[in-house]
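Chemist: This is data-v6.cif (mmCIF, C-alpha atoms and all ligand atoms).
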```cif
data_model
#
loop_
_atom_site.group_PDB
_atom_site.id
_atom_site.type_symbol
_atom_site.label_atom_id
_atom_site.label_comp_id
_atom_site.auth_asym_id
_atom_site.auth_seq_id
_atom_site.Cartn_x
_atom_site.Cartn_y
_atom_site.Cartn_z
ATOM 1 C CA MET A 1 0.000 0.000 0.000
ATOM 2 C CA THR A 2 1.365 3.415 -0.867
ATOM 3 C CA THR A 3 1.314 6.153 1.741
ATOM 4 C CA GLN A 4 -0.703 9.153 0.715
ATOM 5 C CA PRO A 5 0.814 12.513 1.575
ATOM 6 C CA THR A 6 -1.212 14.162 4.298
ATOM 7 C CA THR A 7 -2.690 17.621 4.460
ATOM 8 C CA PHE A 8 0.417 19.094 5.944
ATOM 9 C CA ASN A 9 3.048 17.153 4.053
ATOM 10 C CA THR A 10 2.811 17.592 0.347
ATOM 11 C CA ASP A 11 6.424 16.592 -0.311
ATOM 12 C CA LEU A 12 7.055 19.559 -2.551
ATOM 13 C CA PRO A 13 10.294 19.302 -4.439
ATOM 14 C CA LYS A 14 12.944 21.882 -3.597
ATOM 15 C CA ARG A 15 12.289 24.787 -5.926
ATOM 16 C CA ARG A 16 14.960 26.490 -7.951
ATOM 17 C CA PRO A 17 15.173 30.283 -7.771
ATOM 18 C CA MET A 18 12.807 32.097 -10.125
ATOM 19 C CA PRO A 19 14.522 32.990 -13.411
ATOM 20 C CA ASP A 20 14.692 36.687 -14.220
ATOM 21 C CA LEU A 21 12.245 36.505 -17.140
ATOM 22 C CA LEU A 22 10.239 39.675 -16.647
ATOM 23 C CA SER A 23 12.644 42.435 -15.721
ATOM 24 C CA GLY A 24 11.476 45.913 -16.608
ATOM 25 C CA GLN A 25 7.881 44.768 -17.074
ATOM 26 C CA LYS A 26 4.859 46.157 -15.238
ATOM 27 C CA ALA A 27 2.074 43.867 -14.089
ATOM 28 C CA LEU A 28 -1.359 44.199 -12.556
ATOM 29 C CA VAL A 29 -2.803 41.242 -10.659
ATOM 30 C CA THR A 30 -6.390 41.417 -9.416
ATOM 31 C CA GLY A 31 -7.419 39.764 -6.191
ATOM 32 C CA ALA A 32 -3.762 39.733 -5.222
ATOM 33 C CA ASN A 33 -4.207 40.089 -1.470
ATOM 34 C CA SER A 34 -4.721 36.356 -0.932
ATOM 35 C CA GLY A 35 -4.549 32.860 -2.388
ATOM 36 C CA ILE A 36 -3.515 32.386 -5.993
ATOM 37 C CA GLY A 37 -3.416 36.118 -6.766
ATOM 38 C CA ARG A 38 -1.021 36.776 -3.912
ATOM 39 C CA ALA A 39 1.338 34.021 -5.085
ATOM 40 C CA VAL A 40 1.160 35.243 -8.678
ATOM 41 C CA ALA A 41 2.002 38.816 -7.625
ATOM 42 C CA ILE A 42 4.992 37.575 -5.635
ATOM 43 C CA GLY A 43 6.089 35.240 -8.439
ATOM 44 C CA LEU A 44 5.939 37.951 -11.104
ATOM 45 C CA ALA A 45 7.924 40.257 -8.809
ATOM 46 C CA ARG A 46 10.539 37.553 -8.213
ATOM 47 C CA ALA A 47 10.866 37.255 -11.985
ATOM 48 C CA GLY A 48 11.619 40.976 -12.123
ATOM 49 C CA ALA A 49 8.266 42.674 -12.761
ATOM 50 C CA GLU A 50 6.936 45.689 -10.866
ATOM 51 C CA VAL A 51 3.494 44.720 -9.623
ATOM 52 C CA ALA A 52 0.227 46.465 -8.812
ATOM 53 C CA VAL A 53 -1.475 44.363 -6.144
ATOM 54 C CA ASN A 54 -5.250 44.769 -6.415
ATOM 55 C CA TYR A 55 -7.635 44.121 -3.539
ATOM 56 C CA VAL A 56 -11.279 44.865 -2.812
ATOM 57 C CA VAL A 57 -11.452 43.770 0.804
ATOM 58 C CA GLY A 58 -8.310 43.115 2.805
ATOM 59 C CA GLU A 59 -6.251 46.241 2.233
ATOM 60 C CA GLU A 60 -3.985 45.190 5.101
ATOM 61 C CA ALA A 61 -3.289 41.846 3.428
ATOM 62 C CA ALA A 62 -2.519 43.643 0.157
ATOM 63 C CA GLN A 63 -0.083 45.926 1.967
ATOM 64 C CA LYS A 64 1.564 42.820 3.432
ATOM 65 C CA VAL A 65 2.034 41.389 -0.060
ATOM 66 C CA VAL A 66 3.599 44.700 -1.120
ATOM 67 C CA ALA A 67 5.897 44.653 1.929
ATOM 68 C CA GLU A 68 6.889 41.063 1.222
ATOM 69 C CA ILE A 69 7.817 41.927 -2.362
ATOM 70 C CA GLU A 70 9.742 45.008 -1.255
ATOM 71 C CA ALA A 71 11.581 43.004 1.402
ATOM 72 C CA GLU A 72 12.902 40.805 -1.412
ATOM 73 C CA GLY A 73 14.068 43.885 -3.318
ATOM 74 C CA GLY A 74 11.084 44.081 -5.680
ATOM 75 C CA ARG A 75 8.645 46.908 -6.406
ATOM 76 C CA ALA A 76 4.912 46.738 -5.714
ATOM 77 C CA HIS A 77 1.897 48.934 -4.962
ATOM 78 C CA ALA A 78 -1.489 48.151 -3.486
ATOM 79 C CA VAL A 79 -4.446 49.347 -5.560
ATOM 80 C CA TYR A 80 -8.136 49.163 -4.688
ATOM 81 C CA ALA A 81 -10.940 48.157 -7.044
ATOM 82 C CA ASP A 82 -14.063 46.076 -7.062
ATOM 83 C CA VAL A 83 -13.439 44.471 -10.459
ATOM 84 C CA SER A 84 -17.166 44.203 -11.112
ATOM 85 C CA SER A 85 -17.450 48.008 -11.057
ATOM 86 C CA GLU A 86 -16.627 49.713 -14.340
ATOM 87 C CA ASP A 87 -15.712 52.975 -12.590
ATOM 88 C CA ASP A 88 -13.451 51.217 -10.082
ATOM 89 C CA VAL A 89 -11.638 49.336 -12.831
ATOM 90 C CA LYS A 90 -11.055 52.509 -14.850
ATOM 91 C CA THR A 91 -9.719 54.295 -11.772
ATOM 92 C CA MET A 92 -7.511 51.342 -10.833
ATOM 93 C CA MET A 93 -6.024 51.092 -14.308
ATOM 94 C CA ALA A 94 -5.362 54.833 -14.484
ATOM 95 C CA SER A 95 -3.659 54.801 -11.107
ATOM 96 C CA ALA A 96 -1.559 51.706 -11.882
ATOM 97 C CA ILE A 97 -0.427 53.270 -15.154
ATOM 98 C CA GLU A 98 0.347 56.543 -13.449
ATOM 99 C CA THR A 99 2.362 54.835 -10.713
ATOM 100 C CA MET A 100 4.269 52.356 -12.870
ATOM 101 C CA GLY A 101 4.332 54.218 -16.200
ATOM 102 C CA THR A 102 2.470 51.530 -18.136
ATOM 103 C CA ILE A 103 1.241 47.933 -17.978
ATOM 104 C CA ASP A 104 2.701 44.974 -19.876
ATOM 105 C CA ILE A 105 1.052 42.062 -18.061
ATOM 106 C CA LEU A 106 -2.489 41.697 -16.756
ATOM 107 C CA VAL A 107 -3.581 38.779 -14.594
ATOM 108 C CA PRO A 108 -7.346 39.109 -14.069
ATOM 109 C CA ASN A 109 -7.486 36.674 -11.193
ATOM 110 C CA ALA A 110 -10.103 37.971 -8.756
ATOM 111 C CA GLY A 111 -12.765 35.347 -8.312
ATOM 112 C CA LEU A 112 -15.150 33.892 -5.786
ATOM 113 C CA GLN A 113 -17.665 31.128 -5.188
ATOM 114 C CA ARG A 114 -21.263 31.356 -3.962
ATOM 115 C CA ASP A 115 -22.226 27.687 -3.931
ATOM 116 C CA ALA A 116 -25.786 26.401 -3.886
ATOM 117 C CA ALA A 117 -27.908 23.720 -5.480
ATOM 118 C CA ALA A 118 -29.344 25.132 -8.707
ATOM 119 C CA VAL A 119 -32.874 24.980 -7.394
ATOM 120 C CA ASP A 120 -31.946 27.031 -4.331
ATOM 121 C CA MET A 121 -29.542 29.443 -5.984
ATOM 122 C CA THR A 122 -30.582 33.054 -5.620
ATOM 123 C CA LEU A 123 -30.258 35.516 -8.460
ATOM 124 C CA GLU A 124 -27.874 37.409 -6.223
ATOM 125 C CA GLN A 125 -25.585 34.373 -5.882
ATOM 126 C CA TRP A 126 -25.705 33.852 -9.635
ATOM 127 C CA ASN A 127 -25.053 37.499 -10.486
ATOM 128 C CA LYS A 128 -22.304 37.959 -7.925
ATOM 129 C CA VAL A 129 -20.197 35.127 -9.328
ATOM 130 C CA ILE A 130 -20.744 36.071 -12.966
ATOM 131 C CA SER A 131 -20.056 39.751 -12.331
ATOM 132 C CA VAL A 132 -16.776 39.203 -10.472
ATOM 133 C CA ASN A 133 -15.410 36.111 -12.240
ATOM 134 C CA LEU A 134 -16.448 36.910 -15.817
ATOM 135 C CA THR A 135 -17.519 40.549 -16.196
ATOM 136 C CA GLY A 136 -14.689 41.605 -13.882
ATOM 137 C CA GLN A 137 -12.137 39.961 -16.162
ATOM 138 C CA PHE A 138 -13.703 41.578 -19.220
ATOM 139 C CA LEU A 139 -13.558 45.058 -17.686
ATOM 140 C CA CYS A 140 -9.919 44.723 -16.621
ATOM 141 C CA ILE A 141 -8.872 43.280 -19.970
ATOM 142 C CA ARG A 142 -10.661 46.021 -21.924
ATOM 143 C CA GLU A 143 -8.868 48.744 -19.995
ATOM 144 C CA ALA A 144 -5.479 47.016 -20.208
ATOM 145 C CA VAL A 145 -5.832 46.497 -23.952
ATOM 146 C CA LYS A 146 -6.382 50.233 -24.421
ATOM 147 C CA GLU A 147 -2.995 50.791 -22.807
ATOM 148 C CA PHE A 148 -1.295 47.995 -24.801
ATOM 149 C CA ASN A 149 -2.627 49.508 -28.027
ATOM 150 C CA ARG A 150 -1.731 53.051 -27.085
ATOM 151 C CA ARG A 151 1.834 52.057 -26.337
ATOM 152 C CA GLY A 152 2.646 49.153 -28.669
ATOM 153 C CA VAL A 153 5.638 46.875 -28.206
ATOM 154 C CA ARG A 154 8.264 47.989 -25.699
ATOM 155 C CA THR A 155 11.126 46.274 -27.451
ATOM 156 C CA ASP A 156 13.455 46.679 -24.490
ATOM 157 C CA VAL A 157 11.309 44.441 -22.273
ATOM 158 C CA SER A 158 9.230 42.090 -24.472
ATOM 159 C CA VAL A 159 8.491 41.139 -28.056
ATOM 160 C CA ALA A 160 4.730 41.404 -27.406
ATOM 161 C CA ALA A 161 2.691 44.542 -26.810
ATOM 162 C CA GLY A 162 0.863 42.936 -23.915
ATOM 163 C CA LYS A 163 0.132 39.682 -22.168
ATOM 164 C CA VAL A 164 -3.143 38.712 -20.514
ATOM 165 C CA ILE A 165 -3.359 35.635 -18.306
ATOM 166 C CA CYS A 166 -6.937 34.944 -17.286
ATOM 167 C CA MET A 167 -7.473 32.895 -14.150
ATOM 168 C CA SER A 168 -9.829 30.124 -15.167
ATOM 169 C CA SER A 169 -10.286 26.737 -13.510
ATOM 170 C CA VAL A 170 -10.476 23.047 -14.276
ATOM 171 C CA HIS A 171 -14.200 23.821 -14.106
ATOM 172 C CA GLU A 172 -14.068 25.456 -17.514
ATOM 173 C CA VAL A 173 -14.226 21.827 -18.715
ATOM 174 C CA ILE A 174 -15.203 19.725 -15.685
ATOM 175 C CA ALA A 175 -18.900 20.020 -14.850
ATOM 176 C CA TRP A 176 -19.514 20.844 -11.191
ATOM 177 C CA ALA A 177 -22.875 20.079 -9.634
ATOM 178 C CA GLY A 178 -23.785 22.519 -6.895
ATOM 179 C CA HIS A 179 -21.626 25.221 -8.471
ATOM 180 C CA ILE A 180 -23.382 26.126 -11.725
ATOM 181 C CA ASN A 181 -22.656 29.843 -11.366
ATOM 182 C CA TYR A 182 -18.937 29.209 -10.886
ATOM 183 C CA ALA A 183 -18.667 26.614 -13.678
ATOM 184 C CA ALA A 184 -20.599 28.900 -16.051
ATOM 185 C CA SER A 185 -18.292 31.806 -15.206
ATOM 186 C CA LYS A 186 -15.177 29.744 -15.939
ATOM 187 C CA GLY A 187 -16.649 28.256 -19.121
ATOM 188 C CA GLY A 188 -17.313 31.868 -20.104
ATOM 189 C CA VAL A 189 -13.738 32.865 -19.278
ATOM 190 C CA HIS A 190 -12.526 30.126 -21.615
ATOM 191 C CA MET A 191 -14.437 31.341 -24.673
ATOM 192 C CA MET A 192 -13.794 34.991 -23.853
ATOM 193 C CA MET A 193 -10.072 34.228 -23.607
ATOM 194 C CA GLN A 194 -9.940 32.374 -26.923
ATOM 195 C CA SER A 195 -12.020 34.971 -28.745
ATOM 196 C CA LEU A 196 -9.792 37.716 -27.369
ATOM 197 C CA ALA A 197 -6.683 35.791 -28.397
ATOM 198 C CA GLN A 198 -8.024 35.653 -31.934
ATOM 199 C CA GLU A 199 -9.101 39.291 -31.950
ATOM 200 C CA LEU A 200 -5.990 40.806 -30.395
ATOM 201 C CA ALA A 201 -3.203 38.711 -31.929
ATOM 202 C CA PRO A 202 -2.711 41.149 -34.842
ATOM 203 C CA GLN A 203 -1.883 43.790 -32.228
ATOM 204 C CA ARG A 204 0.761 41.447 -30.752
ATOM 205 C CA ILE A 205 -1.258 40.922 -27.613
ATOM 206 C CA ARG A 206 -1.247 37.377 -26.283
ATOM 207 C CA VAL A 207 -4.204 36.126 -24.273
ATOM 208 C CA ASN A 208 -4.061 32.833 -22.393
ATOM 209 C CA ALA A 209 -5.534 31.319 -19.262
ATOM 210 C CA ILE A 210 -4.425 29.151 -16.398
ATOM 211 C CA GLY A 211 -6.814 26.442 -15.234
ATOM 212 C CA PRO A 212 -5.908 25.624 -11.633
ATOM 213 C CA GLY A 213 -7.134 22.416 -10.081
ATOM 214 C CA ALA A 214 -7.354 22.054 -6.313
ATOM 215 C CA ILE A 215 -4.933 24.588 -4.901
ATOM 216 C CA ARG A 216 -4.411 25.166 -1.185
ATOM 217 C CA THR A 217 -6.133 28.556 -0.760
ATOM 218 C CA PRO A 218 -8.957 30.027 1.323
ATOM 219 C CA ILE A 219 -11.529 29.496 -1.488
ATOM 220 C CA ASN A 220 -11.610 25.721 -0.894
ATOM 221 C CA THR A 221 -10.382 25.242 2.696
ATOM 222 C CA GLN A 222 -13.009 22.615 3.371
ATOM 223 C CA ALA A 223 -11.538 20.460 0.600
ATOM 224 C CA TRP A 224 -8.137 20.048 2.293
ATOM 225 C CA ASN A 225 -8.123 21.117 5.938
ATOM 226 C CA THR A 226 -8.881 17.744 7.497
ATOM 227 C CA GLU A 227 -7.257 14.377 6.869
ATOM 228 C CA ALA A 228 -10.546 12.956 5.651
ATOM 229 C CA ALA A 229 -11.240 15.834 3.261
ATOM 230 C CA TYR A 230 -7.703 15.680 1.918
ATOM 231 C CA ALA A 231 -7.915 11.927 1.320
ATOM 232 C CA ASP A 232 -11.211 12.439 -0.465
ATOM 233 C CA LEU A 233 -9.724 15.208 -2.603
ATOM 234 C CA MET A 234 -6.832 12.948 -3.618
ATOM 235 C CA ARG A 235 -9.294 10.650 -5.378
ATOM 236 C CA LEU A 236 -9.557 13.471 -7.913
ATOM 237 C CA VAL A 237 -5.841 14.177 -8.284
ATOM 238 C CA PRO A 238 -3.684 11.608 -10.136
ATOM 239 C CA TYR A 239 -0.499 13.321 -8.933
ATOM 240 C CA LYS A 240 -1.591 12.773 -5.309
ATOM 241 C CA ARG A 241 -0.807 16.117 -3.817
ATOM 242 C CA ILE A 242 -2.740 19.338 -3.503
ATOM 243 C CA GLY A 243 -1.489 22.232 -5.636
ATOM 244 C CA GLU A 244 0.279 25.096 -3.947
ATOM 245 C CA PRO A 245 -0.314 28.722 -5.000
ATOM 246 C CA GLU A 246 3.323 28.785 -6.118
ATOM 247 C CA ASP A 247 2.524 26.144 -8.753
ATOM 248 C CA ILE A 248 0.191 28.675 -10.369
ATOM 249 C CA ALA A 249 2.676 31.517 -10.002
ATOM 250 C CA ASN A 250 5.289 29.511 -11.916
ATOM 251 C CA ALA A 251 2.871 28.981 -14.804
ATOM 252 C CA ALA A 252 1.948 32.675 -14.814
ATOM 253 C CA VAL A 253 5.592 33.759 -15.025
ATOM 254 C CA PHE A 254 6.146 31.408 -17.951
ATOM 255 C CA LEU A 255 3.027 32.513 -19.855
ATOM 256 C CA ALA A 256 3.857 36.185 -19.275
ATOM 257 C CA SER A 257 7.409 35.772 -20.523
ATOM 258 C CA ASP A 258 8.744 35.776 -24.062
ATOM 259 C CA MET A 259 9.529 32.060 -23.575
ATOM 260 C CA ALA A 260 5.806 31.628 -24.247
ATOM 261 C CA ASP A 261 5.687 34.059 -27.180
ATOM 262 C CA TYR A 262 4.116 31.560 -29.571
ATOM 263 C CA ILE A 263 1.503 30.476 -27.037
ATOM 264 C CA ASN A 264 -1.791 32.219 -27.618
ATOM 265 C CA GLY A 265 -5.370 31.227 -26.869
ATOM 266 C CA ILE A 266 -4.754 28.254 -24.591
ATOM 267 C CA THR A 267 -5.711 27.258 -21.091
ATOM 268 C CA LEU A 268 -2.732 25.779 -19.291
ATOM 269 C CA PHE A 269 -4.179 23.378 -16.736
ATOM 270 C CA VAL A 270 -2.127 23.246 -13.563
ATOM 271 C CA ASP A 271 -3.998 20.523 -11.772
ATOM 272 C CA GLY A 272 -1.873 17.427 -11.116
ATOM 273 C CA GLY A 273 -3.900 15.664 -13.806
ATOM 274 C CA MET A 274 -7.401 16.435 -12.490
ATOM 275 C CA THR A 275 -8.610 17.073 -16.056
ATOM 276 C CA CYS A 276 -7.605 13.480 -16.911
ATOM 277 C CA TYR A 277 -10.828 12.344 -15.185
ATOM 278 C CA PRO A 278 -9.135 10.027 -12.642
ATOM 279 C CA GLY A 279 -12.467 8.298 -11.990
ATOM 280 C CA PHE A 280 -11.746 6.513 -15.271
ATOM 281 C CA ALA A 281 -8.333 5.193 -14.177
ATOM 282 C CA THR A 282 -10.100 1.884 -13.954
ATOM 283 C CA GLY A 283 -13.272 0.813 -15.707
ATOM 284 C CA GLY A 284 -15.272 2.837 -18.152
HETATM 285 C C1 LIG A 301 -12.342 25.935 -7.165
HETATM 286 C C2 LIG A 301 -11.962 25.141 -5.935
HETATM 287 C C3 LIG A 301 -11.900 23.667 -6.260
HETATM 288 C C4 LIG A 301 -11.045 23.419 -7.498
HETATM 289 C C5 LIG A 301 -11.061 21.962 -7.930
HETATM 290 C C6 LIG A 301 -11.368 25.597 -8.265
HETATM 291 O O1 LIG A 301 -11.604 26.370 -9.400
HETATM 292 O O2 LIG A 301 -12.330 27.318 -6.869
HETATM 293 O O3 LIG A 301 -12.920 25.357 -4.910
HETATM 294 O O4 LIG A 301 -11.336 22.966 -5.165
HETATM 295 O O5 LIG A 301 -11.487 24.227 -8.548
HETATM 296 O O6 LIG A 301 -12.342 21.412 -7.926
#
```
Using the file provided, produce a representation of the structure as structure tokens.

Modeler:
Amino acid sequence: MTTQPTTFNTDLPKRRPMPDLLSGQKALVTGANSGIGRAVAIGLARAGAEVAVNYVVGEEAAQKVVAEIEAEGGRAHAVYADVSSEDDVKTMMASAIETMGTIDILVPNAGLQRDAAAVDMTLEQWNKVISVNLTGQFLCIREAVKEFNRRGVRTDVSVAAGKVICMSSVHEVIAWAGHINYAASKGGVHMMMQSLAQELAPQRIRVNAIGPGAIRTPINTQAWNTEAAYADLMRLVPYKRIGEPEDIANAAVFLASDMADYINGITLFVDGGMTCYPGFATGG
């Protein structure tokens, strides 16, 4: 019998230092005060980018992310916006551009869940998830693209005029009973991302997405914070460990860098194989 790693021992390999792939670039990460967004902001900064750290609640946590980046010698700024508010997004983008000079990388990451059985789901729960997870990404991307187009390619930092990395989910392809608002929002992110990739490629703007599986963050605490929940979760993960926020940050750095210059219009699943439908490992 093999021993399953427990909640608190995920046997992560020793990581190498982050390569300096993004120096001179300016990034905006939404929902960067916690979870995946926080790790992505820190990862982009470690790769050399200056980062605007967006938050809507949790200003203190956002300031801590900024302090952490600065303590490592990076540059970062906290910036408020509710991404579902058009006015907030416009103000945030203007202030990020004013502070950093421009924007080269956008990671529209802010997202949330409001879970309920379909029959019990309120319109408010539906609208909240769609407006943050899908409309929020659209608003941020629209404003960032205006800046990419205004400025064009900054040949000293990148061969592309702009890079967008949408935060999607394995649930852009894996149906999820009890979460129809969330799954619909991520399915929407997928087609928005691909349509944008097609539309914006002639302007040398690359648009991709990351599809995280189960990552150890506050959004899904109940899926990993007890031995029983963790064991249950592992039935869905061929690689037999939960993902860490840093796993997503590494993918974001790669997709934002010129190493990924010919990658456009894809979702990079970072999920330990969850999208391989492990239920079918036997049978079927
Ligand atoms: C959800 C998590 C969930 C994971 C895998 C993510 O997109 O936000 O709650 O654990 O997908 O199912």

Chemist: Which residues are close to A:Val170, i.e. within 10 Å by all atoms listed in the file, leaving aside same-chain residues fewer than 4 positions away? Reply as a list in words.

Modeler: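 Neighbouring residues, sequence-local ones excluded: Ile174, Ala175, Trp176, Ala183, Lys186, Gly187, Ile210, Gly211, Pro212, Gly213, Ala214, Thr267, Leu268, Phe269, Val270, Asp271, Gly273, Met274 and Thr275 of chain A.
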
Chemist: Which residues match the PyMOL selection byres (((chain A and resi 65-77) around 7) and not hetatm) in the file above, as a ChimeraX atom specification?

Modeler: /A:33,38,42,45,50-53,61-64,78-79

Chemist: Smallest atom-to-atom distance to A:Ala39: which of A:Ala256, A:Ile248, A:Met18, A:Val159, using only C-alpha atoms?

Modeler: A:Ile248

Chemist: When you count only C-alpha atoms, which of these residues is closest to A:Val89: A:Leu139, A:Ala231, A:Ala197, A:Leu134?

Modeler: A:Leu139

Chemist: Can you list every residue of stretch 211-281 of chain A that has an atom at most 10 Å from stretch 101-109 of chain A, with its nearest atom pair and the distance in Å to one decimal, using only C-alpha atoms, ordered by chain then number, as CSV?

Modeler:
```
residue,atom,partner,partner_atom,distance
A:Ala252,CA,A:Val107,CA,8.2
A:Val253,CA,A:Ile105,CA,9.9
A:Leu255,CA,A:Ile105,CA,9.9
A:Ala256,CA,A:Ile105,CA,6.6
A:Ser257,CA,A:Ile105,CA,9.3
```

Chemist: Figure out the distance between atom CA of A:Ala184 and atom CA of A:Asp87, please, to one decimal in Å.

Modeler: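 These atoms are spaced 24.8 Å apart.
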
Chemist: Calculate, to one decimal in Å, the centre and edge lengths of the box along x, y and z of the file that holds all listed atoms of ligand LIG 301 (chain A) with 5 Å of margin on each side, and present them as AutoDock Vina command-line options.

Modeler:
```
--center_x -12.0 --center_y 24.4 --center_z -7.2 --size_x 11.9 --size_y 15.9 --size_z 14.5
```

Chemist: I'd like the interatomic distance between atom C4 of ligand LIG 301 (chain A) and atom CA of A:Arg206, to a tenth of an Å.

Modeler: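 That distance, rounded to one decimal, is 25.4 Å.
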
Chemist: Can you measure atom CA of A:Phe280 to atom CA of A:Asn225 for me? One decimal in Å is fine.

Modeler: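 Here the two named atoms are 26.0 Å from each other.
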
Chemist: Using only C-alpha atoms and all ligand atoms, can you tell me which of A:Tyr80, A:Phe254, A:Tyr182, A:Trp126 comes closest to ligand LIG 301 (chain A)?

Modeler: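 For ligand LIG 301 (chain A), the nearest of the candidates is A:Tyr182.
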
Chemist: Nearest to ligand LIG 301 (chain A): which of A:Ala160, A:Leu44, A:Ala118, A:Leu233 is it, counting all atoms listed in the file?

Modeler: A:Leu233

Chemist: Name the closest residue to A:Ser95 among the candidates A:Ala81, A:Ala47, A:Ala116, A:Ile130; distances are taken between atoms, counting all atoms listed in the file.

Modeler: A:Ala81

Chemist: Which residues would end up in the selection if the PyMOL selection byres (((chain A and resi 237) around 8) and not hetatm) were applied here, given that I need the answer as a compact mmCIF listing (two decimals) with C-alpha atoms, keeping the file's coordinate frame?

Modeler:
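Ended up saving to out-v8.txt:
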```txt
# COMPACT_ATOMS: atom_id res chain seq x y z
CA LEU A 233 -9.72 15.21 -2.60
CA MET A 234 -6.83 12.95 -3.62
CA ARG A 235 -9.29 10.65 -5.38
CA LEU A 236 -9.56 13.47 -7.91
CA PRO A 238 -3.68 11.61 -10.14
CA TYR A 239 -0.50 13.32 -8.93
CA LYS A 240 -1.59 12.77 -5.31
CA ARG A 241 -0.81 16.12 -3.82
CA ILE A 242 -2.74 19.34 -3.50
CA ASP A 271 -4.00 20.52 -11.77
CA GLY A 272 -1.87 17.43 -11.12
CA GLY A 273 -3.90 15.66 -13.81
CA MET A 274 -7.40 16.43 -12.49
CA PRO A 278 -9.14 10.03 -12.64
```

Chemist: Return the single residue from A:Tyr55, A:Tyr262, A:Trp224, A:Tyr277 that is closest to ligand LIG 301 (chain A), with distances computed using all atoms listed in the file.

Modeler: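 The closest residue to ligand LIG 301 (chain A) is A:Trp224.
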
Chemist: When the PyMOL selection byres (((chain A and resi 143) around 10) and not hetatm) is applied to the structure above, which residues does it catch, written out as a PyMOL selection string?

Modeler: chain A and resi 86+89-94+138-142+144-148

Chemist: (10.5, 39.0, -28.2) in this file's frame - what residues fall within 10 Å of it? Use all atoms listed in the file and give the answer as a PyMOL selection string.

Modeler: chain A and resi 153-161+257-262
